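As provided, my_file_29.cif (mmCIF, C-alpha atoms) reads as follows.
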data_data
#
loop_
_atom_site.label_atom_id
_atom_site.label_comp_id
_atom_site.auth_asym_id
_atom_site.auth_seq_id
_atom_site.Cartn_x
_atom_site.Cartn_y
_atom_site.Cartn_z
CA MET A 1 -66.91 -6.08 -42.96
CA ILE A 2 -63.76 -5.50 -45.01
CA SER A 3 -62.76 -1.87 -45.16
CA GLU A 4 -61.22 -0.62 -48.42
CA GLU A 5 -59.33 1.99 -46.43
CA LYS A 6 -57.82 -0.65 -44.14
CA LEU A 7 -56.94 -2.85 -47.13
CA SER A 8 -55.14 0.08 -48.73
CA HIS A 9 -53.35 0.84 -45.46
CA LEU A 10 -52.22 -2.78 -45.05
CA LEU A 11 -50.98 -3.12 -48.63
CA GLY A 12 -49.23 0.24 -48.52
CA HIS A 13 -47.36 -0.52 -45.31
CA THR A 14 -46.48 -4.02 -46.49
CA LYS A 15 -45.01 -2.62 -49.71
CA THR A 16 -43.00 -0.08 -47.73
CA ILE A 17 -41.52 -2.80 -45.50
CA ILE A 18 -40.65 -5.04 -48.47
CA ASP A 19 -39.15 -2.14 -50.45
CA HIS A 20 -37.05 -1.09 -47.48
CA GLN A 21 -35.82 -4.65 -46.97
CA ARG A 22 -34.91 -4.87 -50.68
CA GLU A 23 -32.99 -1.57 -50.58
CA LEU A 24 -31.07 -2.65 -47.50
CA LYS A 25 -30.11 -5.89 -49.23
CA LYS A 26 -28.77 -3.93 -52.18
CA ALA A 27 -26.83 -1.57 -49.91
CA ARG A 28 -25.27 -4.50 -48.03
CA GLY A 29 -24.45 -6.39 -51.20
CA GLU A 30 -26.72 -9.26 -50.16
CA THR A 31 -28.12 -9.75 -53.65
CA PHE A 32 -24.80 -11.50 -54.43
CA ASN A 33 -25.13 -15.03 -53.10
CA VAL A 34 -22.70 -17.80 -53.99
CA PHE A 35 -25.26 -20.55 -53.36
CA SER A 36 -27.71 -18.95 -55.81
CA ILE A 37 -25.11 -18.13 -58.46
CA LEU A 38 -23.83 -21.72 -58.53
CA SER A 39 -27.40 -23.13 -58.72
CA MET A 40 -26.95 -24.85 -55.37
CA GLU A 41 -30.01 -23.38 -53.67
CA ARG A 42 -32.19 -26.47 -53.39
CA SER A 43 -29.77 -29.41 -53.37
CA GLU A 44 -30.66 -31.25 -50.19
CA ASN A 45 -27.55 -33.38 -49.81
CA LYS A 46 -24.87 -31.57 -51.80
CA THR A 47 -25.69 -28.16 -50.32
CA HIS A 48 -27.83 -28.19 -47.21
CA SER A 49 -26.95 -31.45 -45.47
CA VAL A 50 -23.24 -30.98 -46.15
CA PHE A 51 -23.20 -27.35 -44.99
CA LEU A 52 -25.19 -28.05 -41.82
CA ALA A 53 -23.10 -31.10 -40.96
CA GLU A 54 -19.86 -29.17 -41.45
CA LEU A 55 -21.01 -26.52 -38.97
CA LEU A 56 -22.24 -29.16 -36.53
CA SER A 57 -19.05 -31.24 -36.64
CA PRO A 58 -16.59 -30.57 -33.81
CA LYS A 59 -13.89 -31.47 -36.34
CA GLY A 60 -15.25 -29.06 -38.98
CA SER A 61 -13.02 -26.72 -40.97
CA HIS A 62 -14.52 -23.80 -39.04
CA LEU A 63 -12.09 -24.70 -36.21
CA LYS A 64 -14.65 -23.69 -33.60
CA GLY A 65 -14.68 -27.13 -32.04
CA ASN A 66 -18.09 -28.07 -30.66
CA ALA A 67 -19.28 -24.45 -30.26
CA PHE A 68 -21.78 -24.58 -33.14
CA LEU A 69 -23.02 -28.02 -32.07
CA ARG A 70 -23.65 -26.70 -28.54
CA LEU A 71 -25.69 -23.84 -29.97
CA PHE A 72 -27.70 -26.21 -32.15
CA LEU A 73 -28.56 -28.51 -29.26
CA LYS A 74 -29.49 -25.48 -27.16
CA VAL A 75 -31.94 -24.29 -29.83
CA LEU A 76 -33.51 -27.75 -29.93
CA LYS A 77 -33.48 -27.97 -26.11
CA GLU A 78 -31.75 -31.29 -26.68
CA GLU A 79 -29.69 -32.82 -23.86
CA SER A 80 -29.27 -36.42 -25.02
CA ILE A 81 -25.90 -35.94 -26.75
CA ASP A 82 -22.55 -35.71 -24.96
CA VAL A 83 -21.03 -32.76 -26.82
CA ALA A 84 -17.49 -33.58 -25.70
CA THR A 85 -17.50 -36.91 -27.59
CA ALA A 86 -19.99 -36.12 -30.37
CA GLN A 87 -19.34 -36.95 -34.02
CA VAL A 88 -21.27 -36.01 -37.17
CA LYS A 89 -21.75 -37.79 -40.47
CA VAL A 90 -23.79 -37.25 -43.65
CA GLU A 91 -25.56 -40.06 -45.52
CA HIS A 92 -25.24 -42.56 -42.67
CA TYR A 93 -26.01 -46.05 -43.96
CA ILE A 94 -28.19 -48.17 -41.65
CA GLY A 95 -28.64 -51.26 -43.79
CA LEU A 96 -30.55 -52.38 -46.85
CA ARG A 97 -33.91 -50.67 -47.14
CA ASP A 98 -36.77 -52.98 -46.23
CA ASP A 99 -40.19 -51.30 -46.34
CA LYS A 100 -41.95 -54.38 -44.96
CA ALA A 101 -39.72 -54.74 -41.92
CA LYS A 102 -39.45 -50.92 -41.82
CA THR A 103 -35.68 -50.89 -41.47
CA GLY A 104 -32.66 -49.60 -43.36
CA GLY A 105 -31.83 -46.66 -45.60
CA ARG A 106 -29.55 -43.63 -45.37
CA ILE A 107 -29.90 -40.91 -42.74
CA ASP A 108 -29.12 -37.44 -44.11
CA ILE A 109 -27.35 -36.08 -40.99
CA TYR A 110 -26.35 -38.37 -38.13
CA LEU A 111 -24.91 -37.31 -34.75
CA TRP A 112 -23.71 -39.74 -32.09
CA ASP A 113 -21.61 -39.86 -28.92
CA LYS A 114 -19.50 -42.40 -26.99
CA ASN A 115 -22.47 -43.26 -24.76
CA GLY A 116 -24.43 -44.72 -27.65
CA ASN A 117 -26.90 -41.84 -27.95
CA SER A 118 -27.67 -40.45 -31.39
CA ILE A 119 -29.72 -37.95 -33.37
CA SER A 120 -30.96 -38.64 -36.91
CA ILE A 121 -32.01 -35.71 -39.09
CA GLU A 122 -34.07 -36.30 -42.24
CA ASN A 123 -33.54 -33.23 -44.41
CA LYS A 124 -36.32 -32.29 -46.85
CA ILE A 125 -36.12 -29.35 -49.26
CA ASP A 126 -37.88 -30.64 -52.39
CA ALA A 127 -37.82 -34.43 -52.43
CA GLY A 128 -40.96 -36.28 -51.39
CA ASP A 129 -41.07 -38.84 -48.59
CA GLN A 130 -40.07 -42.43 -49.18
CA ASN A 131 -42.33 -45.22 -47.99
CA ALA A 132 -41.91 -45.89 -44.27
CA GLN A 133 -38.95 -43.49 -44.21
CA VAL A 134 -39.56 -41.95 -40.79
CA GLU A 135 -40.63 -45.34 -39.44
CA ARG A 136 -37.39 -46.94 -40.66
CA TYR A 137 -35.26 -44.26 -39.00
CA CYS A 138 -37.27 -44.46 -35.76
CA ASN A 139 -36.70 -48.22 -35.69
CA TYR A 140 -32.93 -47.73 -35.93
CA ARG A 141 -31.33 -48.14 -32.49
CA LYS A 142 -34.73 -47.68 -30.89
CA GLY A 143 -34.61 -46.07 -27.47
CA SER A 144 -31.28 -44.31 -27.96
CA ASN A 145 -31.82 -42.55 -31.30
CA LYS A 146 -33.95 -39.38 -31.65
CA VAL A 147 -35.36 -38.59 -35.09
CA TYR A 148 -35.85 -35.03 -36.34
CA TYR A 149 -37.74 -34.27 -39.55
CA LEU A 150 -36.36 -31.02 -41.02
CA THR A 151 -38.32 -29.08 -43.68
CA LEU A 152 -38.42 -25.49 -44.87
CA LYS A 153 -41.47 -24.49 -42.82
CA GLY A 154 -42.05 -27.32 -40.36
CA ALA A 155 -44.28 -29.65 -42.38
CA GLU A 156 -45.07 -33.10 -41.06
CA PRO A 157 -44.00 -36.26 -42.91
CA SER A 158 -46.62 -38.04 -45.00
CA GLU A 159 -48.76 -40.86 -43.63
CA ALA A 160 -46.85 -43.24 -45.91
CA SER A 161 -43.60 -42.17 -44.25
CA LYS A 162 -44.58 -41.93 -40.57
CA GLY A 163 -47.31 -44.57 -40.40
CA LYS A 164 -48.95 -44.35 -36.97
CA LEU A 165 -46.00 -42.59 -35.33
CA GLN A 166 -46.78 -39.33 -33.53
CA ASN A 167 -45.00 -36.00 -33.95
CA GLY A 168 -43.59 -34.87 -30.60
CA GLU A 169 -43.47 -38.38 -29.23
CA ASP A 170 -41.88 -40.77 -31.72
CA PHE A 171 -40.16 -38.09 -33.83
CA HIS A 172 -39.92 -34.29 -33.90
CA THR A 173 -40.45 -31.72 -36.67
CA ILE A 174 -38.12 -28.73 -37.02
CA SER A 175 -37.82 -26.09 -39.74
CA TYR A 176 -35.32 -23.94 -41.58
CA ARG A 177 -37.68 -21.00 -41.04
CA ASP A 178 -37.55 -21.27 -37.25
CA GLN A 179 -34.94 -23.45 -35.56
CA ILE A 180 -32.26 -23.37 -38.27
CA GLN A 181 -32.48 -19.61 -38.73
CA GLU A 182 -32.27 -19.06 -34.99
CA TRP A 183 -29.26 -21.37 -34.80
CA LEU A 184 -27.52 -19.66 -37.74
CA GLU A 185 -28.02 -16.28 -36.09
CA ARG A 186 -26.27 -17.58 -32.98
CA CYS A 187 -23.49 -19.08 -35.11
CA ILE A 188 -22.91 -15.71 -36.79
CA LYS A 189 -22.43 -14.08 -33.37
CA GLU A 190 -20.12 -16.90 -32.31
CA ALA A 191 -18.03 -16.35 -35.46
CA ALA A 192 -17.90 -12.56 -35.05
CA GLU A 193 -14.07 -12.51 -34.94
CA GLN A 194 -13.64 -14.74 -38.02
CA PRO A 195 -14.86 -12.60 -40.96
CA ILE A 196 -14.76 -15.23 -43.74
CA LEU A 197 -16.53 -17.83 -41.59
CA ARG A 198 -19.04 -15.26 -40.34
CA GLU A 199 -19.89 -14.00 -43.83
CA SER A 200 -20.19 -17.55 -45.22
CA ILE A 201 -22.77 -18.38 -42.57
CA LYS A 202 -24.52 -15.07 -43.32
CA GLN A 203 -24.77 -15.95 -47.00
CA TYR A 204 -26.29 -19.29 -46.11
CA LYS A 205 -28.76 -17.62 -43.74
CA ILE A 206 -29.78 -15.20 -46.52
CA LEU A 207 -30.43 -18.23 -48.74
CA ILE A 208 -32.65 -19.74 -46.04
CA GLN A 209 -34.58 -16.47 -45.77
CA LYS A 210 -35.17 -16.61 -49.52
CA LEU A 211 -36.32 -20.24 -49.46
CA THR A 212 -38.66 -19.66 -46.51
CA SER A 213 -39.97 -16.21 -47.56
CA THR A 214 -38.74 -14.56 -44.37
CA MET A 215 -36.93 -11.31 -43.62
CA ASP A 216 -34.45 -10.10 -41.04
CA LYS A 217 -35.87 -9.88 -37.52
CA THR A 218 -36.68 -6.16 -37.59
CA HIS A 219 -38.56 -6.20 -40.89
CA GLN A 220 -40.29 -9.49 -40.05
CA LYS A 221 -41.46 -8.02 -36.73
CA ASN A 222 -42.80 -4.90 -38.49
CA LEU A 223 -44.62 -7.00 -41.07
CA ASN A 224 -46.09 -9.27 -38.39
CA GLU A 225 -47.31 -6.26 -36.43
CA ILE A 226 -49.05 -4.63 -39.40
CA MET A 227 -50.69 -7.96 -40.34
CA LEU A 228 -51.81 -8.65 -36.77
CA SER A 229 -53.40 -5.21 -36.57
CA HIS A 230 -55.34 -6.02 -39.76
CA ILE A 231 -56.08 -9.73 -39.34
CA ARG A 232 -59.39 -9.71 -41.20
CA GLU A 233 -57.88 -7.79 -44.14
CA SER A 234 -54.77 -10.03 -44.17
CA ALA A 235 -56.95 -13.14 -44.39
CA TYR A 236 -59.03 -11.54 -47.14
CA ILE A 237 -55.93 -10.69 -49.19
CA ALA A 238 -54.45 -14.16 -48.71
CA GLU A 239 -57.63 -15.88 -49.85
CA ASN A 240 -58.06 -13.68 -52.90
CA PHE A 241 -54.39 -13.76 -53.83
CA ALA A 242 -54.62 -17.54 -54.05
CA LYS A 243 -57.51 -17.15 -56.49
CA VAL A 244 -55.92 -14.55 -58.76
CA SER A 245 -52.55 -16.31 -58.83
CA ALA A 246 -54.30 -19.59 -59.71
CA THR A 247 -55.97 -17.81 -62.63
CA ILE A 248 -52.58 -16.65 -63.96
CA LYS A 249 -51.04 -20.11 -63.56
CA GLU A 250 -53.95 -21.90 -65.21
CA GLY A 251 -53.82 -19.41 -68.09
CA VAL A 252 -50.18 -20.31 -68.71
CA ARG A 253 -50.86 -24.05 -68.50
CA ARG A 254 -53.78 -23.79 -70.92
CA SER A 255 -51.67 -21.84 -73.42
CA VAL A 256 -48.78 -24.31 -73.14
CA LEU A 257 -51.17 -27.23 -73.60
CA GLU A 258 -52.72 -25.71 -76.72
CA LYS A 259 -49.33 -25.03 -78.32
CA LEU A 260 -48.06 -28.50 -77.45
CA LYS A 261 -51.11 -30.01 -79.17
CA GLU A 262 -50.55 -27.83 -82.24
CA ARG A 263 -46.89 -28.80 -82.50
CA PHE A 264 -46.83 -32.45 -81.39
CA GLY A 265 -50.43 -33.60 -81.77
CA ALA A 266 -49.57 -35.99 -84.60
CA THR A 267 -47.36 -38.22 -82.43
CA LEU A 268 -48.28 -37.36 -78.86
CA THR A 269 -51.39 -37.04 -76.70
CA MET A 270 -51.43 -34.18 -74.18
CA ALA A 271 -53.77 -33.54 -71.25
CA ALA A 272 -53.84 -31.40 -68.11
CA GLY A 273 -53.14 -33.31 -64.92
CA ARG A 274 -54.07 -32.34 -61.37
CA ASP A 275 -55.87 -29.13 -60.46
CA ILE A 276 -53.78 -25.96 -60.68
CA ASN A 277 -54.05 -25.52 -56.88
CA ASP A 278 -52.67 -28.99 -56.28
CA ARG A 279 -49.06 -29.18 -55.12
CA TYR A 280 -48.27 -31.32 -58.17
CA SER A 281 -50.16 -29.81 -61.12
CA GLN A 282 -48.89 -30.91 -64.48
CA ILE A 283 -49.37 -31.62 -68.17
CA TRP A 284 -49.13 -35.31 -69.09
CA ILE A 285 -47.58 -36.13 -72.47
CA LYS A 286 -48.15 -39.65 -73.77
CA LEU A 287 -46.95 -41.47 -76.86
CA LYS A 288 -49.76 -41.88 -79.37
CA GLY A 289 -51.14 -45.41 -79.35
CA MET A 290 -49.55 -46.05 -75.96
CA GLU A 291 -51.81 -43.91 -73.79
CA LYS A 292 -52.65 -46.81 -71.47
CA ARG A 293 -49.03 -47.70 -70.77
CA LYS A 294 -47.62 -46.96 -67.33
CA MET A 295 -44.74 -44.76 -68.51
CA PHE A 296 -45.06 -41.35 -70.14
CA PHE A 297 -43.77 -37.78 -69.94
CA GLY A 298 -44.82 -35.10 -67.48
CA LEU A 299 -44.35 -31.34 -67.31
CA GLU A 300 -44.61 -30.26 -63.66
CA SER A 301 -45.52 -28.18 -61.65
CA PHE A 302 -47.68 -25.27 -62.76
CA SER A 303 -48.66 -24.54 -59.15
CA GLY A 304 -45.17 -23.32 -58.25
CA GLN A 305 -44.95 -25.99 -55.53
CA GLY A 306 -43.93 -29.61 -55.35
CA HIS A 307 -40.66 -31.21 -56.40
CA LYS A 308 -37.58 -29.03 -56.89
CA GLY A 309 -39.20 -26.18 -55.02
CA GLY A 310 -41.79 -25.62 -57.73
CA VAL A 311 -39.33 -25.05 -60.59
CA LEU A 312 -40.91 -26.24 -63.85
CA PHE A 313 -39.35 -29.47 -65.11
CA ILE A 314 -40.02 -32.24 -67.61
CA GLY A 315 -39.28 -35.90 -67.09
CA VAL A 316 -40.38 -39.49 -67.57
CA TYR A 317 -43.09 -40.61 -65.13
CA ASN A 318 -43.22 -44.26 -64.14
CA ASN A 319 -46.78 -44.77 -62.91
CA SER A 320 -46.23 -48.41 -62.03
CA ASN A 321 -43.70 -47.45 -59.36
CA LYS A 322 -41.76 -50.59 -60.33
CA LYS A 323 -38.22 -50.83 -61.66
CA ASN A 324 -37.73 -52.02 -65.22
CA GLU A 325 -35.05 -52.06 -67.89
CA TYR A 326 -35.74 -48.44 -68.86
CA THR A 327 -35.57 -47.08 -65.31
CA GLU A 328 -32.43 -49.11 -64.54
CA LYS A 329 -30.64 -47.21 -67.31
CA SER A 330 -32.10 -43.82 -66.39
CA GLU A 331 -31.28 -41.12 -63.88
CA ARG A 332 -33.68 -41.55 -60.96
CA PHE A 333 -35.18 -38.60 -59.08
CA THR A 334 -37.93 -40.35 -57.12
CA SER A 335 -39.49 -43.79 -57.39
CA ASN A 336 -41.80 -42.30 -60.06
CA TRP A 337 -39.70 -39.64 -61.83
CA TYR A 338 -36.71 -40.27 -64.09
CA ASN A 339 -34.48 -38.24 -66.42
CA LEU A 340 -35.59 -34.88 -65.09
CA LYS A 341 -34.64 -31.65 -66.80
CA GLU A 342 -35.32 -28.28 -65.17
CA LEU A 343 -36.51 -25.78 -67.75
CA PRO A 344 -34.14 -22.80 -67.90
CA ASN A 345 -35.20 -19.34 -66.74
CA TYR A 346 -36.51 -16.92 -69.32
CA ASP A 347 -35.50 -13.28 -69.81
CA GLY A 348 -34.17 -13.04 -66.26
CA TYR A 349 -37.32 -14.48 -64.67
CA VAL A 350 -37.36 -17.71 -62.68
CA LEU A 351 -39.45 -20.41 -64.35
CA ASN A 352 -41.36 -21.02 -61.14
CA PHE A 353 -45.03 -20.04 -60.99
CA GLY A 354 -44.83 -19.55 -57.26
CA ASN A 355 -42.37 -16.69 -57.76
CA PRO A 356 -44.13 -13.32 -57.24
CA ASP A 357 -41.93 -11.47 -59.75
CA THR A 358 -42.72 -14.02 -62.46
CA LEU A 359 -46.44 -13.86 -61.67
CA GLN A 360 -46.40 -10.06 -61.74
CA LYS A 361 -44.68 -10.03 -65.14
CA LEU A 362 -47.11 -12.61 -66.56
CA HIS A 363 -50.06 -10.50 -65.44
CA ALA A 364 -48.71 -7.16 -66.63
CA ASP A 365 -47.07 -8.11 -69.93
CA ALA A 366 -49.05 -10.13 -72.50
CA SER A 367 -46.11 -10.36 -74.92
CA PHE A 368 -43.91 -11.74 -72.13
CA LYS A 369 -46.50 -14.42 -71.43
CA GLU A 370 -46.70 -15.38 -75.10
CA ASN A 371 -42.90 -15.56 -75.42
CA LEU A 372 -42.59 -17.53 -72.18
CA VAL A 373 -45.11 -20.09 -73.43
CA ASP A 374 -43.09 -20.45 -76.66
CA HIS A 375 -39.93 -20.86 -74.57
CA ILE A 376 -41.53 -23.68 -72.56
CA VAL A 377 -42.81 -25.46 -75.66
CA ASN A 378 -39.41 -25.19 -77.37
CA GLU A 379 -37.64 -26.64 -74.31
CA VAL A 380 -40.16 -29.48 -74.19
CA GLY A 381 -39.46 -30.11 -77.86
CA VAL A 382 -35.71 -30.35 -77.25
CA TYR A 383 -36.28 -32.82 -74.44
CA LEU A 384 -38.68 -34.98 -76.46
CA GLU A 385 -36.21 -35.17 -79.34
CA GLN A 386 -33.76 -36.78 -76.91
CA HIS A 387 -36.14 -39.11 -75.08
CA ALA A 388 -39.33 -39.89 -77.04
CA ASP A 389 -37.84 -42.46 -79.41
CA LEU A 390 -35.99 -44.19 -76.56
CA LEU A 391 -39.15 -44.51 -74.51
CA ARG A 392 -41.16 -45.70 -77.50
CA ALA A 393 -38.55 -48.34 -78.35
CA TYR A 394 -38.59 -49.64 -74.79
CA LEU A 395 -42.40 -49.79 -74.59
CA GLU A 396 -42.56 -51.58 -77.95
CA SER A 397 -39.99 -54.12 -76.74
CA GLU A 398 -42.27 -54.96 -73.81
CA ASN A 399 -45.11 -56.14 -76.10
#

Turn the structure described in the file into structure tokens.
Amino acid sequence: MISEEKLSHLLGHTKTIIDHQRELKKARGETFNVFSILSMERSENKTHSVFLAELLSPKGSHLKGNAFLRLFLKVLKEESIDVATAQVKVEHYIGLRDDKAKTGGRIDIYLWDKNGNSISIENKIDAGDQNAQVERYCNYRKGSNKVYYLTLKGAEPSEASKGKLQNGEDFHTISYRDQIQEWLERCIKEAAEQPILRESIKQYKILIQKLTSTMDKTHQKNLNEIMLSHIRESAYIAENFAKVSATIKEGVRRSVLEKLKERFGATLTMAAGRDINDRYSQIWIKLKGMEKRKMFFGLESFSGQGHKGGVLFIGVYNNSNKKNEYTEKSERFTSNWYNLKELPNYDGYVLNFGNPDTLQKLHADASFKENLVDHIVNEVGVYLEQHADLLRAYLESEN
């Protein structure tokens, strides 16, 4: 039976730990983060792959030789690479992509040595898996190339990506939350005498803590201990938090949908997409009279998960998954999404419905919710002014 007293004790201690962590961050100046300020938080290739590869490279500007690479391989318990002759490259091209033969593509981070051994790292922050992606990389230099699948929290690749390959045998999953954070901590100690290098790695580690919802070791240990001593209550809170947060998110989506219909109902047809608890929950926006066509607009994701780390965006969705004249001229995000625009934050709050501060404000302030809904609808309107006529003209030309 769930005890109200134990629930209160758990919540109280958790708040104390979080508040203390927040105050320490302020005192240390850790709220200032270059990666966040420059909107580089979630860029897989331009931020994360490049930064990791620079640290791993024995020829990196850190001038630490292969010290960081040694630490990385030690964390992975990896002995296949000869550190003395190792080289590192980002976006390593392995031939034209062929999903049928399951070959080709570009490997995010590639390490190799003079003996012909290599490590391929597929780096996933927000982007979804490509078809046969892990299979293609595992087929590259089979027998001498190890494949690691890196995600924020250690998720496995999709069935479409890995096929019948087995985690731990054919490829290996690693995470920013665990292996990368441990490695960065070791790098910080290694760079103790180089203040600029040390602090740069620290800033990156703080970014990883933010993206993975983790704390420094001391606070994380305290939080784990209080949760483990109240396992039943922790599970109860987690289950019920999911329900109440889903209610807030669905309320916002319903309000946005209603206002979109009021404003654009004459020329567009709007409908809610997947369930609010689905990773990709959206509002579909279709051109009137063209509802059965395979291309339309989407506003995603109201769950606070999915592409771009859950940040709300609007774009053109190509449901046919096939290239055409419109997609050839458009900016591609995935094989389905084109011409994406992230909706800007509102009143200092991140437009991400997985963000606890945003959820708290939406629950506590009705006028904030109303104004946020207007903000979303206005941004959608600006986007549609730029793209609706172009999409309509293309679809009409196909008739």

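When the PyMOL selection byres ((chain A and resi 35) around 12) is evaluated on the file shown here, the picked residues come out as Glu30, Thr31, Phe32, Asn33, Val34, Ser36, Ile37, Leu38, Ser39, Met40, Glu41, Arg42, Ser43, Lys46, Thr47, His48, Phe51, Ser200, Ile201, Lys202, Gln203, Tyr204, Lys205, Ile206, Leu207, Ile208, Lys210 and Leu211 of chain A.
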
Just checking: using only C-alpha atoms, which residue out of A:Val50, A:Ala160, A:Leu55, A:Ala366 ends up closest to Ile109 in chain A?
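Ranking A:Val50, A:Ala160, A:Leu55, A:Ala366 by distance to Ile109 in chain A, first place goes to A:Val50.
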
Find the distance between CA of Asp374 in chain A and CA of Ser213 in chain A and write it in Å to one decimal.
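Computing it gives 29.6 Å between the two atoms.
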
Counting only C-alpha atoms, which of A:Lys146, A:His92, A:Arg70, A:Asn224 gets nearest to Gly116 in chain A?
A:Lys146

Go through A:Lys59, A:Lys114, A:Lys292, A:Lys221 and flag the residue nearest Val88 in chain A, using all atoms listed in the file for the distances.
A:Lys59

Contacts of Ser330 in chain A at 12 Å (only C-alpha atoms; same-chain gap of 2+ positions) as an NGL selection string:
:A and (315-318 or 323-328 or 332-340 or 387 or 390-391)

Taking C-alpha atoms for each residue, export the selection above as a JSON list (two decimals), in the coordinates of the input.
[["chain", "number", "residue", "atom", "x", "y", "z"],
["A", 315, "GLY", "CA", -39.28, -35.90, -67.09],
["A", 316, "VAL", "CA", -40.38, -39.49, -67.57],
["A", 317, "TYR", "CA", -43.09, -40.61, -65.13],
["A", 318, "ASN", "CA", -43.22, -44.26, -64.14],
["A", 323, "LYS", "CA", -38.22, -50.83, -61.66],
["A", 324, "ASN", "CA", -37.73, -52.02, -65.22],
["A", 325, "GLU", "CA", -35.05, -52.06, -67.89],
["A", 326, "TYR", "CA", -35.74, -48.44, -68.86],
["A", 327, "THR", "CA", -35.57, -47.08, -65.31],
["A", 328, "GLU", "CA", -32.43, -49.11, -64.54],
["A", 332, "ARG", "CA", -33.68, -41.55, -60.96],
["A", 333, "PHE", "CA", -35.18, -38.60, -59.08],
["A", 334, "THR", "CA", -37.93, -40.35, -57.12],
["A", 335, "SER", "CA", -39.49, -43.79, -57.39],
["A", 336, "ASN", "CA", -41.80, -42.30, -60.06],
["A", 337, "TRP", "CA", -39.70, -39.64, -61.83],
["A", 338, "TYR", "CA", -36.71, -40.27, -64.09],
["A", 339, "ASN", "CA", -34.48, -38.24, -66.42],
["A", 340, "LEU", "CA", -35.59, -34.88, -65.09],
["A", 387, "HIS", "CA", -36.14, -39.11, -75.08],
["A", 390, "LEU", "CA", -35.99, -44.19, -76.56],
["A", 391, "LEU", "CA", -39.15, -44.51, -74.51]]

Have a look at A:Lys308, A:Lys25, A:Arg232, A:Arg263 and name the one nearest to Lys341 in chain A; count all atoms listed in the file.
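Among the listed residues, A:Lys308 lies closest to Lys341 in chain A.
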
Assuming the chain letters and numbering stay as they are in my file, what does the PyMOL selection byres ((chain A and resi 253-256) around 9) actually select? List them as a list of chain:residue names.
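Against this file, the PyMOL selection byres ((chain A and resi 253-256) around 9) returns the residues A:Ile248, A:Lys249, A:Glu250, A:Gly251, A:Val252, A:Leu257, A:Glu258, A:Lys259, A:Leu260, A:Lys261, A:Ala272, A:Ile276, A:Gln282, A:Ile283, A:Phe302, A:Glu370, A:Val373, A:Asp374, A:Ile376, A:Val377.
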
What does the structure give for the distance between CA of Gln194 in chain A and CA of Phe68 in chain A, in Å to one decimal?
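Interatomic distance here is 13.7 Å.
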
Size and centre in Å, one decimal, axis-aligned box, all listed range 365-384 of chain A atoms plus 5 Å per side, as JSON:
{"center_x": -42.4, "center_y": -21.5, "center_z": -73.9, "size_x": 23.3, "size_y": 36.9, "size_z": 17.9}

Hits of the PyMOL selection byres ((chain A and resi 21) around 12) in this structure, as an MDAnalysis selection string
chainID A and resid 14:20 22:28 30:31 209 214:220 222:223

Name the closest residue to Leu343 in chain A among the candidates A:Glu91, A:Glu169, A:Asp108, A:Glu379; distances are taken between atoms, counting all atoms listed in the file.
A:Glu379

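Counting from CA of Cys138 in chain A, the distance to CA of Ile174 in chain A is 15.8 Å.
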
With distances taken over all atoms listed in the file, which of A:Gln179, A:Gln305, A:Asn240, A:Asn277 is nearest to Lys77 in chain A?
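Between A:Gln179, A:Gln305, A:Asn240, A:Asn277, the residue approaching Lys77 in chain A most closely is A:Gln179.
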
Excluding Asp82 in chain A and its own-chain neighbours fewer than 2 positions away, which residues fall within 10 Å of it when counting only C-alpha atoms? Please give them as number ranges by chain.
A: 70, 79-80, 84-87, 112-118

Sel. within 8 Å of pt (-37.4, -36.8, -52.8), counting all atoms listed in the file, output as a PDB file with C-alpha atoms, in the coordinates of the input:
ATOM      1  CA  LYS A 124     -36.320 -32.290 -46.850  1.00  0.00           C
ATOM      2  CA  ASP A 126     -37.880 -30.640 -52.390  1.00  0.00           C
ATOM      3  CA  ALA A 127     -37.820 -34.430 -52.430  1.00  0.00           C
ATOM      4  CA  GLY A 128     -40.960 -36.280 -51.390  1.00  0.00           C
ATOM      5  CA  ASP A 129     -41.070 -38.840 -48.590  1.00  0.00           C
ATOM      6  CA  GLN A 130     -40.070 -42.430 -49.180  1.00  0.00           C
ATOM      7  CA  HIS A 307     -40.660 -31.210 -56.400  1.00  0.00           C
ATOM      8  CA  PHE A 333     -35.180 -38.600 -59.080  1.00  0.00           C
ATOM      9  CA  THR A 334     -37.930 -40.350 -57.120  1.00  0.00           C
TER      10      THR A 334
END

Which protein, DNA or RNA residues have an atom at most 7 Å from (-48.9, -31.0, -57.1), counting all atoms listed in the file? List them as a PDB file with C-alpha atoms, keeping the file's coordinate frame.
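Wrote out-v3.pdb, looks like this:
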ATOM      1  CA  ARG A 274     -54.070 -32.340 -61.370  1.00  0.00           C
ATOM      2  CA  ASP A 278     -52.670 -28.990 -56.280  1.00  0.00           C
ATOM      3  CA  ARG A 279     -49.060 -29.180 -55.120  1.00  0.00           C
ATOM      4  CA  TYR A 280     -48.270 -31.320 -58.170  1.00  0.00           C
ATOM      5  CA  SER A 281     -50.160 -29.810 -61.120  1.00  0.00           C
ATOM      6  CA  SER A 301     -45.520 -28.180 -61.650  1.00  0.00           C
ATOM      7  CA  SER A 303     -48.660 -24.540 -59.150  1.00  0.00           C
ATOM      8  CA  GLN A 305     -44.950 -25.990 -55.530  1.00  0.00           C
ATOM      9  CA  GLY A 306     -43.930 -29.610 -55.350  1.00  0.00           C
TER      10      GLY A 306
END

Counting only C-alpha atoms, what is within 7 Å of Leu152 in chain A, bar same-chain residues fewer than 2 positions away, as a PDB file with C-alpha atoms, in the coordinates of the input?
ATOM      1  CA  ILE A 125     -36.120 -29.350 -49.260  1.00  0.00           C
ATOM      2  CA  GLY A 154     -42.050 -27.320 -40.360  1.00  0.00           C
ATOM      3  CA  SER A 175     -37.820 -26.090 -39.740  1.00  0.00           C
ATOM      4  CA  TYR A 176     -35.320 -23.940 -41.580  1.00  0.00           C
ATOM      5  CA  ARG A 177     -37.680 -21.000 -41.040  1.00  0.00           C
ATOM      6  CA  THR A 212     -38.660 -19.660 -46.510  1.00  0.00           C
TER       7      THR A 212
END
